[in-house]
Amino acid sequence: HRLLLVVTKPQAVCLRFASMAASVTLPMREPCYVAVGVMTVPHYRNRRDAARQTWMTGSNVGSTVVVRFLIRAGGLHPDVLAEAKREQDEHGDMTFLPVASEHGSPPQRGRVLTLHAWTRRATAVCPTARWVSKADDDVYIVTVDWEAQLRMIAAGREGRAMLHGKVVWHNWNVKHFVPHSFDYSYNPDNWRRVIDYLGGDESRARFPDERRRFELCRTHGARQCEWCPAEAECTGPFPFPTGWLITMS
């Protein structure tokens, strides 16, 4: 399958394509077109309420755009879970996922598993979805213009897989479940520099500050290292969708 990457800055969703999106007429009362999963945690009720009172009042929210707040319910304290369920009873816009909370584990682990769980659950929430989206709970989406932009992108591309958002490259640490070796482009030489440095080739540090950061990998281990410290621990690099708003067809 071919993958079309449509990469924009999420905060420019309605500015960059405003003139083009204005020419797209949104259909009225159609089935759900976009399923939006907003990653959040129980104690961020203020962020969820802010979203409900602002961008979630868009005219297409609840019809062509369906929004769910994603709660990692695994291992939650019973009192916290009960409070979250009362909030769900009040608003009906929360989805509880069988993913463990982040206590005692790297934060990326919970986020990656939440995204995976949402991609599986989204089709139950929105069976007719053309797009499945992940958003942060402090994002602001101009939903009508955003949907118009997605429809414009999808026009004439039926059957093609598309990713709308920001993409960066990472290695992935299979031992500690964290990303390493951040870069905006694929450059194989970058992934090996710290490994070579720790192996004795100090010329791989290009400037003093980088040498200092490489030494952190030696003294503090993989979790404090920006790069992959050992080939046996890492795989990749892979393109990672990242940022406040990611949408997949």
# chains A, B, ... in the order shown; residues from 1 in each chain; ligands from 1
>>> residues_around(residues="Val65 (chain A)", least_positions_apart="5", cutoff="8 Å", atoms="only C-alpha atoms", output="number ranges by chain")
A: 32-36, 60, 143, 147
>>> write_last_selection(atoms="C-alpha atoms", output="tab-separated table (two decimals), in the first residue's frame")
chain	number	residue	atom	x	y	z
A	32	CYS	CA	-19.35	10.66	11.39
A	33	TYR	CA	-16.36	11.53	9.21
A	34	VAL	CA	-13.60	12.11	11.83
A	35	ALA	CA	-13.13	10.32	15.17
A	36	VAL	CA	-11.02	12.41	17.55
A	60	ASN	CA	-20.02	19.74	13.34
A	143	THR	CA	-13.39	21.91	13.74
A	147	GLU	CA	-12.86	18.93	8.58
>>> select_by_dssp(residues="region 119-249 of chain A", states="strand (DSSP E or B)", output="VMD selection string")
chain A and resid 131 to 136 161 to 173 178 to 183 234 to 248
>>> residues_around(residues="Leu150 (chain A)", least_positions_apart="6", cutoff="9 Å", atoms="only C-alpha atoms", output="count of residues only")
5
>>> atom_distance(atom1="CA of Phe177 (chain A)", atom2="CA of Asp79 (chain A)")
29.3 Å
>>> residues_around(residues="Ser249 (chain A)", least_positions_apart="3", cutoff="8 Å", atoms="only C-alpha atoms", output="NGL selection string")
:A and (130-132 or 161-163)
>>> residues_around(residues="region 84-88 of chain A", least_positions_apart="5", cutoff="8 Å", atoms="only C-alpha atoms", output="MDAnalysis selection string")
chainID A and resid 42 93:94
>>> residues_around(residues="Gly199 (chain A)", least_positions_apart="2", cutoff="12 Å", atoms="only C-alpha atoms", output="ChimeraX atom specification")
/A:192-197,201-204,214-215,217-218,229-231
>>> residues_around(residues="region 55-58 of chain A", least_positions_apart="6", cutoff="12 Å", atoms="only C-alpha atoms", output="ChimeraX atom specification")
/A:36,38,47-49,64-69,91,93,137-147
>>> atom_distance(atom1="CA of Ser133 (chain A)", atom2="CA of Met152 (chain A)")
16.4 Å
